[in-house]
$ cat upload.pdb   # PDB, C-alpha atoms
ATOM      1  CA  MET A  27       0.000   0.000   0.000
ATOM      2  CA  LYS A  28       1.199   3.479  -0.870
ATOM      3  CA  THR A  29       0.190   5.961   1.789
ATOM      4  CA  LYS A  30      -0.033   9.748   1.872
ATOM      5  CA  SER A  31      -0.494   9.855   5.643
ATOM      6  CA  ILE A  32       1.571  10.686   8.698
ATOM      7  CA  ILE A  33       0.913   7.893  11.234
ATOM      8  CA  THR A  34       1.450   8.777  14.881
ATOM      9  CA  ILE A  35       1.649   6.041  17.492
ATOM     10  CA  ALA A  36       1.074   6.541  21.198
ATOM     11  CA  ARG A  37       1.592   3.431  23.311
ATOM     12  CA  GLN A  38       1.468   1.895  26.737
ATOM     13  CA  TYR A  39       4.882   0.744  27.901
ATOM     14  CA  GLY A  40       5.388  -2.908  27.033
ATOM     15  CA  SER A  41       2.631  -2.974  24.404
ATOM     16  CA  GLY A  42       5.173  -3.150  21.587
ATOM     17  CA  GLY A  43       4.247   0.209  20.103
ATOM     18  CA  ARG A  44       7.765   0.962  18.909
ATOM     19  CA  ALA A  45       8.238  -2.464  17.284
ATOM     20  CA  ILE A  46       4.810  -2.253  15.682
ATOM     21  CA  GLY A  47       5.550   1.242  14.404
ATOM     22  CA  ARG A  48       8.812   0.055  12.852
ATOM     23  CA  LYS A  49       7.090  -2.936  11.192
ATOM     24  CA  LEU A  50       4.367  -0.622   9.895
ATOM     25  CA  ALA A  51       6.908   1.777   8.412
ATOM     26  CA  GLU A  52       8.688  -1.140   6.717
ATOM     27  CA  ARG A  53       5.410  -2.421   5.247
ATOM     28  CA  LEU A  54       4.505   1.024   3.950
ATOM     29  CA  GLU A  55       8.091   1.778   2.891
ATOM     30  CA  ILE A  56       8.161   5.125   4.670
ATOM     31  CA  PRO A  57      10.530   6.650   7.281
ATOM     32  CA  PHE A  58      10.238   5.701  10.955
ATOM     33  CA  TYR A  59      10.924   8.209  13.737
ATOM     34  CA  ASP A  60      11.251   7.452  17.444
ATOM     35  CA  LYS A  61      14.472   8.546  19.125
ATOM     36  CA  GLU A  62      15.345  10.032  15.738
ATOM     37  CA  LEU A  63      12.905  12.833  16.579
ATOM     38  CA  LEU A  64      15.193  13.880  19.410
ATOM     39  CA  GLU A  65      18.216  14.019  17.138
ATOM     40  CA  ARG A  66      16.346  16.089  14.548
ATOM     41  CA  ALA A  67      15.069  18.483  17.221
ATOM     42  CA  ALA A  68      18.553  18.811  18.730
ATOM     43  CA  ASN A  69      20.123  19.564  15.357
ATOM     44  CA  ASP A  70      17.463  22.121  14.418
ATOM     45  CA  SER A  71      17.383  23.912  17.769
ATOM     46  CA  GLY A  72      21.043  23.844  18.755
ATOM     47  CA  ILE A  73      20.150  22.297  22.130
ATOM     48  CA  CYS A  74      22.401  19.350  22.945
ATOM     49  CA  LYS A  75      20.910  15.897  22.356
ATOM     50  CA  GLU A  76      21.557  14.773  25.947
ATOM     51  CA  LEU A  77      19.074  17.352  27.227
ATOM     52  CA  PHE A  78      16.393  15.967  24.919
ATOM     53  CA  GLU A  79      17.081  12.459  26.204
ATOM     54  CA  ASN A  80      16.912  13.628  29.826
ATOM     55  CA  HIS A  81      13.567  15.353  29.291
ATOM     56  CA  ASP A  82      12.125  12.796  26.838
ATOM     57  CA  GLU A  83       8.378  12.344  27.537
ATOM     58  CA  LYS A  84       8.917  13.457  31.136
ATOM     59  CA  PRO A  85       6.089  15.352  32.861
ATOM     60  CA  THR A  86       6.501  18.834  34.235
ATOM     61  CA  ASN A  87       5.005  20.705  37.153
ATOM     62  CA  SER A  88       6.410  24.156  36.485
ATOM     63  CA  PHE A  89       5.405  27.060  34.247
ATOM     64  CA  LEU A  90       2.001  27.565  32.703
ATOM     65  CA  TYR A  91       0.909  25.580  29.667
ATOM     66  CA  SER A  92      -0.710  28.654  28.150
ATOM     67  CA  LEU A  93       2.532  30.620  28.335
ATOM     68  CA  VAL A  94       4.397  27.776  26.663
ATOM     69  CA  MET A  95       2.035  27.725  23.713
ATOM     70  CA  ASP A  96       1.925  31.528  23.514
ATOM     71  CA  THR A  97       5.710  31.525  23.294
ATOM     72  CA  TYR A  98       5.576  28.893  20.562
ATOM     73  CA  SER A  99       3.273  31.099  18.525
ATOM     74  CA  PHE A 100       5.760  33.972  18.729
ATOM     75  CA  GLY A 101       8.737  31.866  17.667
ATOM     76  CA  TYR A 102      12.061  30.924  19.205
ATOM     77  CA  ASN A 103      13.593  34.381  19.103
ATOM     78  CA  SER A 104      11.371  35.832  21.777
ATOM     79  CA  ALA A 105      12.792  36.823  25.139
ATOM     80  CA  ALA A 106      10.272  34.508  26.772
ATOM     81  CA  PHE A 107      11.844  31.501  25.068
ATOM     82  CA  THR A 108      15.299  32.509  26.291
ATOM     83  CA  ASP A 109      14.041  32.595  29.886
ATOM     84  CA  MET A 110      11.925  29.462  29.560
ATOM     85  CA  PRO A 111      12.727  26.349  31.660
ATOM     86  CA  MET A 112      14.699  23.763  29.709
ATOM     87  CA  ASN A 113      11.909  21.162  29.689
ATOM     88  CA  HIS A 114       9.690  23.593  27.804
ATOM     89  CA  LYS A 115      12.429  24.506  25.350
ATOM     90  CA  VAL A 116      12.856  20.800  24.667
ATOM     91  CA  PHE A 117       9.128  20.300  24.117
ATOM     92  CA  LEU A 118       8.841  23.225  21.726
ATOM     93  CA  ALA A 119      11.903  22.127  19.756
ATOM     94  CA  GLN A 120      10.392  18.637  19.407
ATOM     95  CA  PHE A 121       7.055  20.171  18.454
ATOM     96  CA  GLU A 122       8.743  22.130  15.662
ATOM     97  CA  ALA A 123      10.808  19.128  14.484
ATOM     98  CA  ILE A 124       7.695  16.948  14.275
ATOM     99  CA  LYS A 125       5.895  19.512  12.127
ATOM    100  CA  LYS A 126       8.906  19.897   9.819
ATOM    101  CA  LEU A 127       9.264  16.150   9.359
ATOM    102  CA  ALA A 128       5.556  15.885   8.561
ATOM    103  CA  THR A 129       5.965  18.354   5.700
ATOM    104  CA  GLU A 130       8.674  16.119   4.194
ATOM    105  CA  GLY A 131       6.234  13.308   3.437
ATOM    106  CA  PRO A 132       4.523  10.206   4.853
ATOM    107  CA  CYS A 133       6.174   8.626   7.896
ATOM    108  CA  VAL A 134       5.526   6.868  11.210
ATOM    109  CA  MET A 135       6.181   8.828  14.422
ATOM    110  CA  VAL A 136       6.184   7.276  17.881
ATOM    111  CA  GLY A 137       5.196   9.196  21.027
ATOM    112  CA  ARG A 138       6.088  12.757  22.020
ATOM    113  CA  CYS A 139       2.595  14.203  21.473
ATOM    114  CA  ALA A 140       3.060  13.918  17.698
ATOM    115  CA  ASP A 141      -0.689  13.580  17.137
ATOM    116  CA  TYR A 142      -1.226  16.893  18.924
ATOM    117  CA  ALA A 143       1.617  18.649  17.114
ATOM    118  CA  LEU A 144       0.037  17.572  13.819
ATOM    119  CA  ALA A 145      -3.573  18.334  14.745
ATOM    120  CA  ASP A 146      -3.844  20.723  11.782
ATOM    121  CA  PHE A 147      -2.594  18.108   9.314
ATOM    122  CA  GLU A 148      -5.577  16.462   7.607
ATOM    123  CA  ASN A 149      -3.402  13.494   6.670
ATOM    124  CA  CYS A 150      -2.429  12.687  10.263
ATOM    125  CA  PHE A 151      -3.723   9.269  11.384
ATOM    126  CA  SER A 152      -3.334   8.752  15.126
ATOM    127  CA  VAL A 153      -3.111   5.334  16.797
ATOM    128  CA  PHE A 154      -3.020   4.273  20.449
ATOM    129  CA  ILE A 155      -1.611   0.815  21.181
ATOM    130  CA  HIS A 156      -2.438  -0.854  24.481
ATOM    131  CA  SER A 157      -2.380  -4.297  26.064
ATOM    132  CA  ASP A 158      -3.356  -6.024  29.310
ATOM    133  CA  LEU A 159      -0.951  -5.302  32.145
ATOM    134  CA  ASP A 160      -0.099  -8.984  32.726
ATOM    135  CA  ILE A 161       0.900  -9.425  29.088
ATOM    136  CA  ARG A 162       3.082  -6.331  29.235
ATOM    137  CA  ILE A 163       4.711  -7.477  32.472
ATOM    138  CA  ARG A 164       5.646 -10.827  30.926
ATOM    139  CA  ARG A 165       7.019  -9.160  27.809
ATOM    140  CA  ILE A 166       9.171  -6.620  29.680
ATOM    141  CA  ALA A 167      10.377  -9.164  32.242
ATOM    142  CA  LYS A 168      11.491 -11.496  29.463
ATOM    143  CA  GLU A 169      13.004  -8.809  27.240
ATOM    144  CA  TYR A 170      15.071  -7.243  30.030
ATOM    145  CA  ASP A 171      15.594 -10.392  32.117
ATOM    146  CA  MET A 172      13.993  -9.073  35.298
ATOM    147  CA  LYS A 173      11.505 -10.148  37.957
ATOM    148  CA  ASP A 174       7.794  -9.580  37.314
ATOM    149  CA  ASN A 175       7.454  -7.130  40.207
ATOM    150  CA  LYS A 176      10.304  -5.012  38.828
ATOM    151  CA  ALA A 177       8.730  -5.051  35.366
ATOM    152  CA  ARG A 178       5.370  -4.025  36.837
ATOM    153  CA  ASP A 179       6.970  -1.107  38.666
ATOM    154  CA  ILE A 180       8.748   0.157  35.541
ATOM    155  CA  ILE A 181       5.595  -0.176  33.430
ATOM    156  CA  GLN A 182       3.427   1.723  35.892
ATOM    157  CA  LYS A 183       5.973   4.504  36.360
ATOM    158  CA  THR A 184       6.584   4.873  32.613
ATOM    159  CA  ASP A 185       2.866   4.952  31.788
ATOM    160  CA  LYS A 186       2.278   7.524  34.516
ATOM    161  CA  SER A 187       5.088   9.666  33.134
ATOM    162  CA  ARG A 188       3.814   9.429  29.547
ATOM    163  CA  SER A 189       0.263  10.177  30.642
ATOM    164  CA  SER A 190       1.271  13.227  32.683
ATOM    165  CA  TYR A 191       3.438  14.544  29.851
ATOM    166  CA  TYR A 192       0.712  14.115  27.231
ATOM    167  CA  ASN A 193      -2.090  15.492  29.385
ATOM    168  CA  TYR A 194      -0.018  18.521  30.370
ATOM    169  CA  TYR A 195       1.033  19.576  26.895
ATOM    170  CA  THR A 196      -2.159  18.764  24.975
ATOM    171  CA  ASN A 197      -5.868  19.443  25.388
ATOM    172  CA  LYS A 198      -6.561  15.688  25.287
ATOM    173  CA  ARG A 199      -6.259  12.664  27.566
ATOM    174  CA  TRP A 200      -3.586  10.017  27.053
ATOM    175  CA  GLY A 201      -5.185   6.646  26.317
ATOM    176  CA  ASP A 202      -8.707   8.070  25.930
ATOM    177  CA  ALA A 203     -10.262   6.601  22.779
ATOM    178  CA  THR A 204     -11.623  10.009  21.769
ATOM    179  CA  SER A 205      -8.053  11.325  21.500
ATOM    180  CA  TYR A 206      -7.122   8.997  18.603
ATOM    181  CA  ASN A 207      -8.377   7.742  15.257
ATOM    182  CA  LEU A 208      -7.720   4.124  16.228
ATOM    183  CA  CYS A 209      -7.091   2.220  19.476
ATOM    184  CA  ILE A 210      -5.918  -1.372  19.260
ATOM    185  CA  ASP A 211      -5.031  -4.151  21.710
ATOM    186  CA  SER A 212      -1.681  -5.569  20.598
ATOM    187  CA  GLY A 213      -1.815  -8.237  23.304
ATOM    188  CA  LYS A 214      -4.944  -9.765  21.834
ATOM    189  CA  MET A 215      -4.040  -9.184  18.191
ATOM    190  CA  GLY A 216      -0.303  -9.852  18.154
ATOM    191  CA  PHE A 217       2.178  -7.548  16.426
ATOM    192  CA  GLU A 218       1.700  -8.703  12.833
ATOM    193  CA  LYS A 219      -2.104  -8.547  12.954
ATOM    194  CA  THR A 220      -1.918  -5.183  14.705
ATOM    195  CA  VAL A 221       0.125  -3.849  11.790
ATOM    196  CA  GLU A 222      -2.386  -5.311   9.347
ATOM    197  CA  CYS A 223      -5.317  -3.763  11.246
ATOM    198  CA  ILE A 224      -3.652  -0.348  11.172
ATOM    199  CA  ILE A 225      -3.084  -0.634   7.425
ATOM    200  CA  GLN A 226      -6.714  -1.610   6.803
ATOM    201  CA  ALA A 227      -7.973   1.248   8.980
ATOM    202  CA  LEU A 228      -5.584   3.612   7.211
ATOM    203  CA  LYS A 229      -7.118   2.679   3.855
ATOM    204  CA  ILE A 230     -10.566   3.626   5.170
ATOM    205  CA  PHE A 231      -9.189   6.835   6.682
ATOM    206  CA  GLU A 232      -7.504   7.938   3.459
ATOM    207  CA  ALA A 233     -10.622   7.195   1.428
ATOM    208  CA  SER A 234     -12.562   9.591   3.658
ATOM    209  CA  VAL A 235     -10.049  12.453   3.656
TER
END
$ encode --input "upload.pdb" --output "structure tokens"
Amino acid sequence: MKTKSIITIARQYGSGGRAIGRKLAERLEIPFYDKELLERAANDSGICKELFENHDEKPTNSFLYSLVMDTYSFGYNSAAFTDMPMNHKVFLAQFEAIKKLATEGPCVMVGRCADYALADFENCFSVFIHSDLDIRIRRIAKEYDMKDNKARDIIQKTDKSRSSYYNYYTNKRWGDATSYNLCIDSGKMGFEKTVECIIQALKIFEASV
């Protein structure tokens, strides 16, 4: 299938969202961006890559959301951006990098509020991938060779962090079905069928755009 869409993937930790996104990009023969988004944002903004990694999908409890977005609308040269906390500079640089990449053509983007950054793009197809907690615990425990209780702790903390980050920077709710075009259970479907389901849904989406 040839696609004209930008596919964004939000995911619960351990659901396989990154692997599914990569498989999807391979099937569609389009670029895949995950950590690559950080590198692009670092290069474009001049902020060192390590700072992006340190703040990657981390929630914040400082500064007002409205001021962040007001600053974005005025551009990076404003005095407000210079004085802005680093976590907000990182978010805005990622926001800008995501939009630039989307103008370069169809691709798959994982995480980092990409669906929100591309809300004005009619060809943005947003997906949320989830799975039962027990399935995710088994997958993470096996992949990283750790005890189930350790895997559970990491999953819960990572999901909480992603949820707080998404909810703070967007006007939507992380994991809420109304926030996405498609929600799919990768634990029930398996990775290959999840990719196939996304492709089939994408065909319907593109026919309606």
$ atom_distance --input "upload.pdb" --atom1 "atom CA of Ser189 of chain A" --atom2 "atom CA of Val134 of chain A"
20.4 Å
$ atom_distance --input "upload.pdb" --atom1 "atom CA of Arg66 of chain A" --atom2 "atom CA of Thr29 of chain A"
22.9 Å
$ closest_atom_pairs --input "upload.pdb" --of "segment 153-227 of chain A" --to "segment 30-35 of chain A" --cutoff "8 Å" --atoms "all atoms listed in the file" --output "Markdown table"
| residue | atom | partner | partner_atom | distance |
| --- | --- | --- | --- | --- |
| A:Val153 | CA | A:Ile35 | CA | 4.9 |
| A:Phe154 | CA | A:Ile35 | CA | 5.8 |
| A:Ile155 | CA | A:Ile35 | CA | 7.2 |
$ resolve_selection --input "upload.pdb" --expression "the PyMOL selection byres ((chain A and resi 131) around 9)" --output "list in words"
Lys30, Ser31, Ile32, Ile56, Pro57, Leu127, Ala128, Thr129, Glu130, Pro132 and Cys133 of chain A
$ closest_atom_pairs --input "upload.pdb" --of "segment 38-69 of chain A" --to "segment 219-235 of chain A" --cutoff "8 Å" --atoms "all atoms listed in the file" --output "CSV"
residue,atom,partner,partner_atom,distance
A:Ile46,CA,A:Val221,CA,6.3
A:Gly47,CA,A:Val221,CA,7.9
A:Lys49,CA,A:Val221,CA,7.0
A:Leu50,CA,A:Val221,CA,5.7
$ residues_around --input "upload.pdb" --residues "segment 164-179 of chain A" --least-positions-apart "5" --cutoff "9 Å" --atoms "all atoms listed in the file" --output "PyMOL selection string"
chain A and resi 39-42+159+184
